[in-house]
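As structure tokens, the structure follows; a few thoughts come after it.
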Amino acid sequence: MNLTLKIWRQENASAPGRFETYQARDVLPDMSFLEMLDVVNETIIARGADPIAFDSDCREGICGMCSLVINGIAHGGHRGTATCQLHMRHFKDGAVITIEPWRARAFPVIKDLVTDRSALDRVIQAGGFISVNTGGAPDGNAIPVPKESAEASMDAAACIGCGACVAVCKNASAMLFVAAKVSHLNLLPQGKIEKHHRVMSMVRQMDSEGFGNCSVTGSCEAVCPKEISLHFIAKMNRDYGVAMLKGPASLL
Ligand code: SF4
Ligand code: FES
């Protein structure tokens with residue numbers, strides 16, 4: 001396959017960015033999207049130019065490092081698929097592909113296609129943990145967890161923190177990410193003790209990072225590589241409402 005790539009190049013957060021056009025020659029259908037970019041970078045390096053900066057790590061859809069808005073859709077628009085799992089067989093020979101970084105005020109560009117997603121880490125630091133002493137590894141049956149709670153918690157815990165939900169949202173809202181992280185702990189007995197404090201603290205941090213509000217368009221759920229459900233946003237809103245009614249006591 002031969003492809004034309006229109007790739008966003010930007011020196012840093014304050015420099016103006018622009019699209020540059022590259023030709024990708026002899027791309028194999030079984031290559032992953034990131035392998036294809038590696039091949040393009042080899043040709044750029046061979047002529048002594050600056051290679052395209054992009055994030056990648058596990059290439060198995062589990063670490064949350066990869067990003068890229070491909071043809072206008074975060075992670076390229078294949079259901080339940082992160083950029084690192086996207087293969088070139090999904091594109092047609094001769095296609096023109098646009099590649100951009102995540103675009104959100106809270107995710108400033110570091111270089112080219114790499115953005116700073118540490119705002120999500122700070123949301124986790126605000127409450128995505130359990131501070132009660134749970135002791136050593138307990139017997140599997142010592143803390144009974146209802147099957148529905150365990151399964152819902154595991155569904156929420158599947159969030160890999162990639163930020164695609166923010167990148168696709170017209171409001172750059174991080175609600176799906178925060179809802180997943182709040183819910184996976186709030187659903188478990190060990191996490192219930194701090195649930196009100198957790199939801200208040202994480203939502204407050206989310207707001208202070210400059211993420212927008214949720215208007216329930218559902219685009220986040222559609223592009224999420226882990227198919228995190230919008231139901232978690234409804235659950236977080238309920239937890240938040242209860243915490244608000246409890247007042248300052250919930251922030252103790
Ligand atoms: S909710 Fe989905 S899209 Fe958002 S950060 Fe988690 S895995 Fe990524
Ligand atoms: S590189 Fe790890 S999820 Fe894509």
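Residues are named by chain letter and number: chains run A, B, ... in the order of the structure tokens, numbers start at 1 in each chain, and ligands are numbered from 1 in the order shown.
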
Show me which residues are within 6 Å of ligand 2 counting only C-alpha atoms and all ligand atoms, and format the list as a list in words.
Ser56, Asp57, Cys58, Arg59, Glu60, Gly61, Ile62, Cys63, Gly64, Met65, Cys66, Ala82, Thr83 and Cys84 of chain A

Polymer residues at most 8 Å from Phe19 (chain A), only C-alpha atoms, same-chain spacing of 6 or more positions, as a VMD selection string
chain A and resid 6 to 9

Assign secondary structure with DSSP using the backbone only, and return the residues of region 4-202 of chain A in alpha helix (DSSP H) as a PyMOL selection string.
chain A and resi 33-46+118-127+147-157+164-168+175-186+189-192+195-202

Counting only C-alpha atoms and all ligand atoms, which protein, DNA or RNA residues come within 6 Å of ligand 1, given as a PyMOL selection string?
chain A and resi 159-165+176-177+224-226+228

Keeping N, CA and C atoms for every residue in the selection just given, could you write it to a file as a compact mmCIF listing (two decimals), in the first residue's frame?
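New file result-v1.txt:
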# COMPACT_ATOMS: atom_id res chain seq x y z
N CYS A 159 -10.59 0.98 32.33
CA CYS A 159 -10.12 2.26 31.76
C CYS A 159 -8.60 2.32 31.83
N ILE A 160 -7.97 2.60 30.68
CA ILE A 160 -6.51 2.65 30.63
C ILE A 160 -5.97 4.08 30.71
N GLY A 161 -6.87 5.06 30.90
CA GLY A 161 -6.41 6.44 31.09
C GLY A 161 -5.78 7.06 29.86
N CYS A 162 -6.27 6.69 28.67
CA CYS A 162 -5.66 7.20 27.44
C CYS A 162 -6.05 8.65 27.14
N GLY A 163 -7.27 9.04 27.54
CA GLY A 163 -7.73 10.40 27.29
C GLY A 163 -8.47 10.57 25.97
N ALA A 164 -8.77 9.48 25.28
CA ALA A 164 -9.52 9.61 24.01
C ALA A 164 -10.89 10.22 24.25
N CYS A 165 -11.49 9.91 25.41
CA CYS A 165 -12.81 10.44 25.74
C CYS A 165 -12.77 11.97 25.78
N LEU A 176 -15.96 10.72 31.51
CA LEU A 176 -15.96 9.26 31.41
C LEU A 176 -14.76 8.66 32.14
N PHE A 177 -13.61 9.28 31.97
CA PHE A 177 -12.40 8.84 32.67
C PHE A 177 -12.61 8.93 34.19
N CYS A 224 -14.06 5.02 23.12
CA CYS A 224 -13.27 4.46 24.22
C CYS A 224 -12.75 3.06 23.84
N PRO A 225 -11.44 2.87 23.86
CA PRO A 225 -10.92 1.55 23.46
C PRO A 225 -11.30 0.45 24.44
N LYS A 226 -11.74 0.82 25.63
CA LYS A 226 -12.15 -0.19 26.62
C LYS A 226 -13.67 -0.22 26.77
N ILE A 228 -15.88 1.76 27.97
CA ILE A 228 -16.43 2.17 29.27
C ILE A 228 -17.81 2.78 29.03

So, with only C-alpha atoms as the atoms that count, which of A:Glu20, A:Gln205, A:Pro144, A:Ile124 lies closest to Ile99 (chain A)?
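Using only C-alpha atoms, the shortest distance to Ile99 (chain A) belongs to A:Glu20.
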
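Residue nearest Ile233 (chain A) within the list A:Pro108, A:Gly218, A:Gly247, A:Gly127: A:Gly218 [criterion: smallest interatomic distance, only C-alpha atoms].
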
Interatomic distance (Å, one decimal) between CA of Gly80 (chain A) and CA of Ser229 (chain A)
11.7 Å

Would you list, as a compact mmCIF listing (two decimals) with N, CA, C and O atoms, in the first residue's frame, the residues of region 92-198 of chain A that end up in strand (DSSP E or B) under DSSP run on this structure's backbone?
# COMPACT_ATOMS: atom_id res chain seq x y z
N VAL A 96 -5.60 9.06 1.75
CA VAL A 96 -4.99 10.22 2.41
C VAL A 96 -5.44 10.16 3.86
O VAL A 96 -6.65 10.12 4.14
N ILE A 97 -4.49 10.15 4.80
CA ILE A 97 -4.83 9.99 6.22
C ILE A 97 -4.33 11.21 6.98
O ILE A 97 -3.15 11.57 6.87
N THR A 98 -5.21 11.85 7.75
CA THR A 98 -4.76 12.97 8.60
C THR A 98 -4.49 12.44 10.01
O THR A 98 -5.25 11.62 10.52
N ILE A 99 -3.40 12.91 10.60
CA ILE A 99 -2.99 12.44 11.93
C ILE A 99 -2.71 13.66 12.80
O ILE A 99 -1.84 14.48 12.48
N GLU A 100 -3.45 13.77 13.90
CA GLU A 100 -3.31 14.94 14.79
C GLU A 100 -3.15 14.47 16.23
O GLU A 100 -3.51 13.34 16.58
N VAL A 109 0.24 20.41 23.87
CA VAL A 109 1.15 19.66 23.01
C VAL A 109 2.57 19.77 23.56
O VAL A 109 3.04 20.86 23.90
N ILE A 110 3.25 18.63 23.69
CA ILE A 110 4.67 18.64 24.07
C ILE A 110 5.51 18.76 22.79
O ILE A 110 6.37 19.61 22.66
N LYS A 111 5.20 17.91 21.84
CA LYS A 111 5.84 18.00 20.53
C LYS A 111 5.04 17.15 19.54
O LYS A 111 4.66 16.02 19.88
N VAL A 114 2.59 14.34 20.51
CA VAL A 114 2.68 13.98 21.93
C VAL A 114 2.06 15.10 22.77
O VAL A 114 2.44 16.26 22.61
N THR A 115 1.12 14.75 23.63
CA THR A 115 0.53 15.75 24.51
C THR A 115 0.80 15.40 25.97
O THR A 115 1.07 14.24 26.30
N SER A 173 -14.48 17.18 27.84
CA SER A 173 -14.84 16.72 29.18
C SER A 173 -14.11 15.43 29.52
O SER A 173 -13.95 14.55 28.67

Grab the CA of Ala157 (chain A) to CA of His184 (chain A) distance for me, in Å with one decimal place.
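Separation between CA of Ala157 (chain A) and CA of His184 (chain A): 5.4 Å.
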
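Take CA of Ile45 (chain A) and CA of Glu11 (chain A): the distance between them is 16.8 Å.
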
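When only C-alpha atoms are used to measure the gap to Ile44 (chain A), the shortest distance among A:Ser32, A:Tyr240, A:Ala24, A:Lys170 belongs to A:Ala24.
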
Among listed residues A:Phe211, A:Phe33, A:Phe54, A:Trp102, nearest His87 (chain A) (using only C-alpha atoms)
A:Phe33

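Between Pro189 (chain A) and the candidates A:Met88, A:Met36, A:Ala49, A:Ile130, the tightest atom-to-atom separation, counting only C-alpha atoms, involves A:Ile130.
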
For Asn133 (chain A), list every protein, DNA or RNA residue within 12 Å, evaluated using only C-alpha atoms, and leave out those in the same chain fewer than 6 positions away; present the list as a PyMOL selection string.
chain A and resi 190-191+193
